[in-house]
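Written out below as structure tokens is the structure these notes cover.
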Amino acid sequence: MTTTNRNDTDWGARSLELAIDGRAVIDGSRRETGGASVSSAISPGSLRPIAELHEGTDQDVDLAVSAARQAFADRRWSGMSAAERGRILIRLADLLMENLDELALLETLDSGEPIAQTRVVDIPGSAETFRWYGELADKRFDEIPETPAGSTALVRRVPLGVVGAIVPWNYPLEIASWKLAPALAGGNSVVLKPAWETSLSALRLADLALEAGIPAGVLNVVPGRGATTGSRIARHPDVDVLAFTGSTAVAHQLLIDSGQSNMKRLVLEAGGKSANLIFADADLPAAAAKAAFGAFYNQGQICSANSRILIQREAQQEFLDLLVAAARDYEPRDPLAAEAGNGSLISQAHTDSVQGAIQRAAADGTLLSGGERLTITGSDAYLRPAIVTGLAADHELHRKEIFGPVVAVLPFDTEAEAIRLANDTDYGLAASLWTTDLSRAHRVSDRLVAGTVSVNTVDALGLTTPFGGFRQSGFGRDLSRHALDNYTDWKTTWIQHGA
């Protein structure tokens with residue numbers, strides 16, 4: 001499907017034109033999975049079947065890992081110059097943009113995220129990630145450290161081998177690109193397991209990778225469920241590194257899987273319960289607009305969503321009035337309507353879970369606005385953004401990752417109290433801070449336990465800055481040049497050439 005710039009596109013009609021292949025990509029070709037387990041992929045925005053998806057078995061994972069190992073061993077990719085690998089990744093970025101409409105439709109149909117977002121943000125962001133790491137590939141430098149006379153030591157970063165990547169359903173292609181681009185730029189081979197709910201764009205990516213010139217076997221994509229396909233990758237004795245984004249509960253299990261298999265290296269980006277601290281001296285209209293974005297964008301299905309708002313008591317009522325108004329920009333709509341606002345949640349079952357959390361919070365506190373479940377285009381997987389106040393600091397809405405369009409608002413009086421409340425969590429992924437006092441901004445951001453602190457904005461990230469967390473939000477970093485460290489390590493070659 002070619003890309004169009006028309007604003008009047010009938011995306012519903014175009015979605016019916018898609019020829020979607022739900023088979024795995026192993027060793028350079030599409031393959032039906034060995035167990036012949038095929039399920040209908042259902043679009044959460046309409047509950048319409050969109051493709052037949054083949055579930056990977058242990059045998060399929062073994063084939064994919066074997067292909068990746070052979071590709072690494074014969075150096076068809078790792079033996080290329082870094083510059084050539086970079087050129088191919090840049091070509092892949094170009095192909096993503098050339099197939100923008102198709103990929104955006106696949107993401108919207110699979111996830112329920114609006115086409116206005118997948119087409120403008122997610123797919124271009126994925127392309128830019130491959131482009132950035134393609135340009136970075138040949139711009140790393142090795143070392144020749146000081147050694148005794150008569151010797152020379154070469155210290156180089158080398159690829160680690162076969163990378164297993166397990167990615168979530170909330171940003172299927174973009175988060176996959178965060179793993180794949182640095183792993184491939186470093187010379188590794190990869191077996192990717194996309195989320196079972198959202199596998200279609202990753203499978204199409206594998207086709208485009210072959211077209212771009214990535215050799216067969218270097219990038220393999222095996223759809224499947226976490227408990228089966230994902231577990232086999234996590235425990236596979238020939239996977240050298242496992243990169244994961246998902247829940248903290250699964251991250252705990254992956255630590256066990258690594259220890260009980262081959263002690264493979266882990267890069268874990270797990271859950272979050274990010275706080276947004278708003279002081280009375282802040283630009284309250286701007287803070288409210290961004291707070292709504294940080295809590296409700298993509299139906300709140302973001303690991304770093306600012307789902308806890310801490311507001312200084314003297315500004316609480318003014319801020320809440322502004323927040324209720326700002327939440328209206330995230331009303332649910334048909335994901336294919338190309339309009340502003342939210343789409344659906346990922347499934348009816350997940351909507352049930354989030355709705356239950358909102359109802360419990362409303363019973364224990366005050367539901368200020370939102371929370372209603374809506375039916376749009378035949379699906380009831382839609383929720384209006386919910387704002388809840390009056391909850392105790394230890395309520396589940398302040399402690400547990402709900403992963404939906406609901407935010408808990410809690411007042412504070414002093415700076416010390418705000419810091420204490422913000423850090424009173426098992427997580428440490430992100431935080432936001434609003435103040436016009438520069439000294440306070442430095443002082444408070446330094447005290448917050450979070451991998452990223454956004455000052456006078458929310459959820460700030462970019463290709464040049466590392467993204468990841470502390471505590472039970474995991475370890476290792478996506479994005480920036482530091483992501484290459486996940487998939488490479490130092491190797492010393494000591495040459496003795498004299499007395």
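To be explicit about the labels: the chains of the structure tokens are called A, B, and onward in the order shown, and within each one the residues are counted from 1, while ligands get numbers from 1 in the order they are shown.
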
Counting only C-alpha atoms, which residues of segment 383-403 of chain A fall within 8 Å of segment 312-331 of chain A, and what is the closest atom pair for each with its distance in Å at one decimal, ordered by chain and rising number, as a tab-separated table?
residue	atom	partner	partner_atom	distance
A:Arg384	CA	A:Glu331	CA	5.8
A:Pro385	CA	A:Ala327	CA	6.4
A:Ile387	CA	A:Val324	CA	7.5

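Near segment 279-283 of chain A, within a cut-off of 10 Å and counting only C-alpha atoms, sit the residues Asn276, Leu277, Pro285, Ala286, Ala287, Ala288, Leu310, Ile311, Gln312, Arg313, Glu314, Ala315, Gln316, Glu318, Phe319, Phe412, Asp413, Thr414, Glu415, Ala418, Leu433, Trp434, Thr435, Thr436, Asp437, Arg440 and Asn456 of chain A, with same-chain residues fewer than 2 positions away left out.
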
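Picture a line from atom CA of Phe470 of chain A to atom CA of Gly428 of chain A; it runs 4.6 Å.
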
Could you go through segment 21-58 of chain A and tell me which residues DSSP, when run on the backbone, assigns to strand (DSSP E), listing them as an MDAnalysis selection string? chainID A and resid 24:26 29:31 38:43 48:54

Pick out the residues sitting within 8 Å of Asp238 of chain A, and hand them over as JSON, numbers by chain; count only C-alpha atoms, and ignore anything fewer than 4 positions along from it in its own chain. {"A": [65, 69, 162, 262]}

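Among the candidates A:Asn188, A:Thr464, A:Thr198, A:Thr351, the residue lying nearest to Ser78 of chain A is A:Asn188 (atoms considered: only C-alpha atoms).
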